>>> print(open('my_file28.txt').read())   # compact mmCIF, C-alpha atoms
# COMPACT_ATOMS: atom_id res chain seq x y z
CA MET A 19 0.00 0.00 0.00
CA VAL A 20 1.36 3.40 -1.03
CA ASP A 21 1.40 6.11 1.60
CA GLN A 22 -0.69 8.91 0.06
CA PRO A 23 0.14 11.66 2.61
CA ASN A 24 3.86 11.13 1.95
CA LYS A 25 3.34 11.57 -1.82
CA ARG A 26 1.36 14.77 -1.21
CA GLY A 27 4.14 16.05 1.04
CA VAL A 28 6.70 15.62 -1.75
CA GLN A 29 4.42 17.41 -4.24
CA THR A 30 3.89 20.26 -1.76
CA LEU A 31 7.64 20.59 -1.23
CA ARG A 32 8.22 20.77 -4.99
CA ALA A 33 5.50 23.39 -5.41
CA ASP A 34 6.90 25.40 -2.49
CA SER A 35 10.42 25.35 -3.91
CA LEU A 36 9.12 26.36 -7.35
CA VAL A 37 7.22 29.31 -5.86
CA ARG A 38 10.29 30.36 -3.84
CA TRP A 39 12.46 30.15 -6.97
CA VAL A 40 10.00 32.31 -8.95
CA ILE A 41 9.88 34.87 -6.14
CA ILE A 42 13.68 35.04 -6.00
CA VAL A 43 13.90 35.51 -9.78
CA ILE A 44 11.34 38.33 -9.60
CA GLU A 45 13.16 39.99 -6.68
CA TYR A 46 16.48 39.89 -8.58
CA ALA A 47 14.71 41.35 -11.62
CA ILE A 48 13.40 44.15 -9.40
CA VAL A 49 16.88 44.88 -8.01
CA SER A 50 18.36 44.85 -11.53
CA SER A 51 15.61 47.18 -12.77
CA LEU A 52 16.18 49.57 -9.86
CA LEU A 53 19.91 49.68 -10.61
CA LEU A 54 19.21 50.33 -14.29
CA VAL A 55 16.79 53.16 -13.45
CA ALA A 56 19.28 54.66 -10.98
CA GLY A 57 21.99 54.61 -13.63
CA ILE A 58 19.75 56.24 -16.23
CA VAL A 59 18.58 58.94 -13.80
CA LEU A 60 22.18 59.70 -12.82
CA VAL A 61 23.34 59.99 -16.45
CA ARG A 62 20.37 62.18 -17.37
CA THR A 63 20.92 64.37 -14.28
CA VAL A 64 24.59 64.95 -15.10
CA GLU A 65 23.77 65.57 -18.77
CA SER A 66 21.06 68.06 -17.86
CA PHE A 67 23.33 69.84 -15.38
CA LEU A 68 26.12 70.20 -17.94
CA ARG A 69 23.66 71.86 -20.35
CA TYR A 70 22.32 74.28 -17.71
CA GLY A 71 22.48 77.37 -19.92
CA ARG A 72 21.71 80.64 -18.17
CA ASP A 73 19.65 79.31 -15.28
CA PHE A 74 22.44 77.94 -13.09
CA PRO A 75 20.57 78.03 -9.71
CA SER A 76 17.70 75.97 -11.12
CA ALA A 77 20.21 73.54 -12.67
CA VAL A 78 21.89 73.04 -9.29
CA VAL A 79 18.55 72.37 -7.58
CA ALA A 80 17.54 69.95 -10.35
CA ALA A 81 20.90 68.18 -10.07
CA ILE A 82 20.56 67.80 -6.29
CA ASP A 83 17.00 66.54 -6.79
CA GLY A 84 18.17 63.97 -9.35
CA ILE A 85 21.05 62.81 -7.17
CA LEU A 86 18.71 62.39 -4.18
CA VAL A 87 16.39 60.29 -6.38
CA VAL A 88 19.37 58.09 -7.30
CA ILE A 89 20.31 57.71 -3.61
CA ILE A 90 16.72 56.76 -2.74
CA ILE A 91 16.58 54.19 -5.56
CA LEU A 92 19.93 52.70 -4.53
CA ASP A 93 18.78 52.48 -0.89
CA ILE A 94 15.64 50.65 -1.98
CA ALA A 95 17.69 48.28 -4.16
CA HIS A 96 20.12 47.65 -1.30
CA THR A 97 17.27 46.91 1.11
CA VAL A 98 15.58 44.52 -1.32
CA PHE A 99 18.93 42.80 -1.99
CA GLY A 100 19.48 42.51 1.76
CA HIS A 101 16.08 40.87 2.03
CA LEU A 102 17.18 38.32 -0.57
CA ARG A 103 20.17 37.37 1.58
CA THR A 104 18.43 37.26 4.96
CA SER A 105 14.70 36.82 4.16
CA VAL A 106 14.00 39.63 6.65
CA PHE A 107 12.96 43.20 5.90
CA PRO A 108 14.88 45.52 8.19
CA VAL A 109 12.90 48.47 9.51
CA ARG A 110 15.63 51.11 9.81
CA PRO A 111 16.54 51.34 6.08
CA PHE A 112 12.92 52.05 5.16
CA LEU A 113 12.78 54.87 7.69
CA VAL A 114 16.03 56.31 6.30
CA ILE A 115 14.67 56.07 2.74
CA GLY A 116 11.56 57.93 3.92
CA VAL A 117 13.69 60.65 5.52
CA LEU A 118 15.67 61.05 2.29
CA ALA A 119 12.45 61.27 0.28
CA GLY A 120 11.08 63.86 2.70
CA VAL A 121 14.25 65.94 2.46
CA ARG A 122 14.01 65.75 -1.33
CA ASP A 123 10.43 67.06 -1.16
CA ILE A 124 11.51 69.87 1.18
CA LEU A 125 14.29 70.87 -1.23
CA SER A 126 11.91 70.78 -4.18
CA ALA A 127 9.35 72.96 -2.41
CA SER A 128 12.05 75.39 -1.28
CA ALA A 129 13.44 75.60 -4.80
CA HIS A 130 9.95 76.23 -6.15
CA LEU A 131 9.53 79.12 -3.72
CA THR A 132 12.97 80.53 -4.50
CA PHE A 133 13.30 80.18 -8.26
CA SER A 134 9.81 80.18 -9.72
CA GLY A 135 9.35 83.94 -9.69
CA PRO A 136 6.09 85.55 -8.64
CA LEU A 137 3.49 83.07 -7.42
CA SER A 138 -0.21 83.46 -7.06
CA GLN A 139 -1.51 83.33 -3.52
CA ARG A 140 -2.94 79.84 -4.12
CA GLU A 141 0.37 78.52 -5.52
CA PHE A 142 2.24 80.06 -2.60
CA TYR A 143 -0.07 78.41 -0.04
CA ASN A 144 0.09 75.05 -1.84
CA THR A 145 3.89 75.21 -1.82
CA LEU A 146 3.90 76.11 1.88
CA ILE A 147 1.57 73.19 2.62
CA SER A 148 3.86 70.88 0.66
CA LEU A 149 6.83 72.21 2.60
CA GLY A 150 5.03 71.72 5.93
CA VAL A 151 3.96 68.18 5.07
CA GLY A 152 7.54 67.33 4.06
CA VAL A 153 8.91 68.69 7.33
CA GLY A 154 6.22 66.80 9.28
CA VAL A 155 7.05 63.53 7.52
CA VAL A 156 10.77 63.95 8.17
CA ILE A 157 10.18 64.74 11.86
CA PHE A 158 7.79 61.78 12.23
CA LEU A 159 10.26 59.37 10.61
CA LEU A 160 13.15 60.72 12.67
CA LEU A 161 11.08 60.09 15.79
CA GLY A 162 10.59 56.54 14.55
CA LEU A 163 14.35 56.15 14.17
CA LEU A 164 14.84 57.57 17.66
CA ILE A 165 12.30 55.14 19.12
CA LEU A 166 14.06 52.24 17.39
CA ARG A 167 17.40 53.35 18.78
CA PHE A 168 16.23 53.63 22.38
CA SER A 169 14.08 50.50 22.24
CA GLY A 170 17.12 48.35 21.64
CA HIS A 171 15.79 47.07 18.30
CA VAL A 172 18.60 45.68 16.14
CA ASP A 173 18.09 44.76 12.48
CA LEU A 174 19.85 41.61 11.36
CA GLU A 175 21.92 43.63 8.88
CA GLU A 176 23.29 45.82 11.69
CA ALA A 177 24.12 42.84 13.91
CA GLU A 178 26.65 41.48 11.41
>>> encode(input="my_file28.txt", output="C-alpha cells")
Amino acid sequence: MVDQPNKRGVQTLRADSLVRWVIIVIEYAIVSSLLLVAGIVLVRTVESFLRYGRDFPSAVVAAIDGILVVIIILDIAHTVFGHLRTSVFPVRPFLVIGVLAGVRDILSASAHLTFSGPLSQREFYNTLISLGVGVGVVIFLLLGLLILRFSGHVDLEEAE
C-alpha cells in the first residue's frame, strides 16, 4: 500500500520550492531594474546639469534633486537585496529612505519658492503646505528612528 500523505508532502515541497524560486527571480529582476533606473537617472541628471544654460541656480537644484532620487533608488535596491540574503525586511533602512524622500520634497518645495518667480496666492499656499507636510514627515520618521534606537531594536543587517 502506497502512503498517500507522503506523496502529497513531496508534491507540496516541490510546489513550495518552485514558488520560492519564482519569487527570487522576480526579486532579482526588481533589483536589476532599480539599478538600471538609478543609472539612467544619474546619467540624465549629469547631462542636464552640464547643459544648464543661463539658469544655473535651477540647474543646481535639479541636479541635487536627481542625485537624491538616485540615492533613494539605490537604498531601496540595497534593502531589497538585503532581504534576498536574509529573508527579513529591516525596519531602519525604510525609515532612512523615507527621511531622504522627505528631504528631497523639502528641497523641491524650497526651490519652487525661491526660483519660480512671482506666485499666485494659491500657488504660494500650496507650496507652503507641501513644505510643511515634508517637514512633518521627516520629523515623524526621525522620531521613529529615535524610538528604534532607544528600544534596543537591532536589524539583522546591523548585527553582522
>>> residues_around(input="my_file28.txt", residues="stretch 52-59 of chain A", least_positions_apart="5", cutoff="8 Å", atoms="all atoms listed in the file", output="tab-separated table (two decimals) with C-alpha atoms, in the coordinates of the input")
chain	number	residue	atom	x	y	z
A	84	GLY	CA	18.17	63.97	-9.35
A	87	VAL	CA	16.39	60.29	-6.38
A	88	VAL	CA	19.37	58.09	-7.30
A	91	ILE	CA	16.58	54.19	-5.56
A	92	LEU	CA	19.93	52.70	-4.53
A	94	ILE	CA	15.64	50.65	-1.98
A	95	ALA	CA	17.69	48.28	-4.16
>>> residues_around(input="my_file28.txt", residues="stretch 106-120 of chain A", least_positions_apart="2", cutoff="10 Å", atoms="only C-alpha atoms", output="JSON, numbers by chain")
{"A": [83, 86, 87, 89, 90, 91, 92, 93, 94, 96, 97, 98, 99, 100, 101, 102, 103, 104, 122, 123, 124, 125, 126, 149, 151, 152, 153, 154, 155, 156, 157, 158, 159, 160, 161, 162, 163, 166, 167, 171, 172, 173, 174, 175, 176]}
>>> residues_around(input="my_file28.txt", residues="A:Arg69", least_positions_apart="6", cutoff="12 Å", atoms="only C-alpha atoms", output="ChimeraX atom specification")
/A:62-63,76-78,80-81
>>> atom_distance(input="my_file28.txt", atom1="atom CA of A:Leu68", atom2="atom CA of A:Pro136")
26.9 Å
>>> atom_distance(input="my_file28.txt", atom1="atom CA of A:Phe74", atom2="atom CA of A:Ala127")
17.6 Å
>>> atom_distance(input="my_file28.txt", atom1="atom CA of A:Gln139", atom2="atom CA of A:Arg72")
27.6 Å
>>> closest_residue(input="my_file28.txt", among="A:Ile82, A:Ile41, A:Ala47, A:Ile165", to="A:Leu60", atoms="all atoms listed in the file")
A:Ile82
>>> residues_around(input="my_file28.txt", residues="A:Ser128", least_positions_apart="6", cutoff="10 Å", atoms="all atoms listed in the file", output="list in words")
Val79, Arg122, Ser134, Thr145, Leu146, Ser148 and Leu149 of chain A
>>> write_last_selection(input="my_file28.txt", atoms="C-alpha atoms", output="mmCIF file, in the frame of the given file")
data_model
loop_
_atom_site.group_PDB
_atom_site.id
_atom_site.type_symbol
_atom_site.label_atom_id
_atom_site.label_comp_id
_atom_site.auth_asym_id
_atom_site.auth_seq_id
_atom_site.Cartn_x
_atom_site.Cartn_y
_atom_site.Cartn_z
ATOM 1 C CA VAL A 79 18.550 72.370 -7.580
ATOM 2 C CA ARG A 122 14.010 65.750 -1.330
ATOM 3 C CA SER A 134 9.810 80.180 -9.720
ATOM 4 C CA THR A 145 3.890 75.210 -1.820
ATOM 5 C CA LEU A 146 3.900 76.110 1.880
ATOM 6 C CA SER A 148 3.860 70.880 0.660
ATOM 7 C CA LEU A 149 6.830 72.210 2.600
#
>>> build_atoms(input="my_file28.txt", residues="stretch 124-142 of chain A", atoms="N, CA and C atoms", output="CSV table (one decimal), in the frame of the given file")
chain,number,residue,atom,x,y,z
A,124,ILE,N,11.3,68.6,0.6
A,124,ILE,CA,11.5,69.9,1.2
A,124,ILE,C,12.4,70.7,0.3
A,125,LEU,N,13.4,70.1,-0.3
A,125,LEU,CA,14.3,70.9,-1.2
A,125,LEU,C,13.5,71.3,-2.5
A,126,SER,N,12.7,70.4,-3.0
A,126,SER,CA,11.9,70.8,-4.2
A,126,SER,C,11.0,71.9,-3.9
A,127,ALA,N,10.3,71.9,-2.8
A,127,ALA,CA,9.4,73.0,-2.4
A,127,ALA,C,10.1,74.3,-2.2
A,128,SER,N,11.2,74.2,-1.5
A,128,SER,CA,12.0,75.4,-1.3
A,128,SER,C,12.5,76.0,-2.6
A,129,ALA,N,13.0,75.1,-3.5
A,129,ALA,CA,13.4,75.6,-4.8
A,129,ALA,C,12.3,76.2,-5.6
A,130,HIS,N,11.1,75.7,-5.5
A,130,HIS,CA,10.0,76.2,-6.2
A,130,HIS,C,9.7,77.6,-5.6
A,131,LEU,N,9.8,77.8,-4.3
A,131,LEU,CA,9.5,79.1,-3.7
A,131,LEU,C,10.6,80.1,-4.1
A,132,THR,N,11.8,79.6,-4.2
A,132,THR,CA,13.0,80.5,-4.5
A,132,THR,C,13.1,80.9,-6.0
A,133,PHE,N,12.9,80.0,-6.9
A,133,PHE,CA,13.3,80.2,-8.3
A,133,PHE,C,12.1,80.3,-9.2
A,134,SER,N,10.9,80.2,-8.8
A,134,SER,CA,9.8,80.2,-9.7
A,134,SER,C,9.3,81.6,-10.1
A,135,GLY,N,9.8,82.6,-9.4
A,135,GLY,CA,9.4,83.9,-9.7
A,135,GLY,C,8.1,84.2,-8.9
A,136,PRO,N,7.3,85.2,-9.4
A,136,PRO,CA,6.1,85.6,-8.6
A,136,PRO,C,5.1,84.4,-8.7
A,137,LEU,N,4.5,84.1,-7.5
A,137,LEU,CA,3.5,83.1,-7.4
A,137,LEU,C,2.2,83.7,-7.0
A,138,SER,N,1.1,83.0,-7.5
A,138,SER,CA,-0.2,83.5,-7.1
A,138,SER,C,-0.4,83.1,-5.6
A,139,GLN,N,-1.3,83.6,-4.9
A,139,GLN,CA,-1.5,83.3,-3.5
A,139,GLN,C,-1.8,81.8,-3.3
A,140,ARG,N,-2.6,81.3,-4.2
A,140,ARG,CA,-2.9,79.8,-4.1
A,140,ARG,C,-1.7,79.0,-4.3
A,141,GLU,N,-0.9,79.3,-5.3
A,141,GLU,CA,0.4,78.5,-5.5
A,141,GLU,C,1.3,78.6,-4.3
A,142,PHE,N,1.4,79.8,-3.8
A,142,PHE,CA,2.2,80.1,-2.6
A,142,PHE,C,1.8,79.2,-1.4
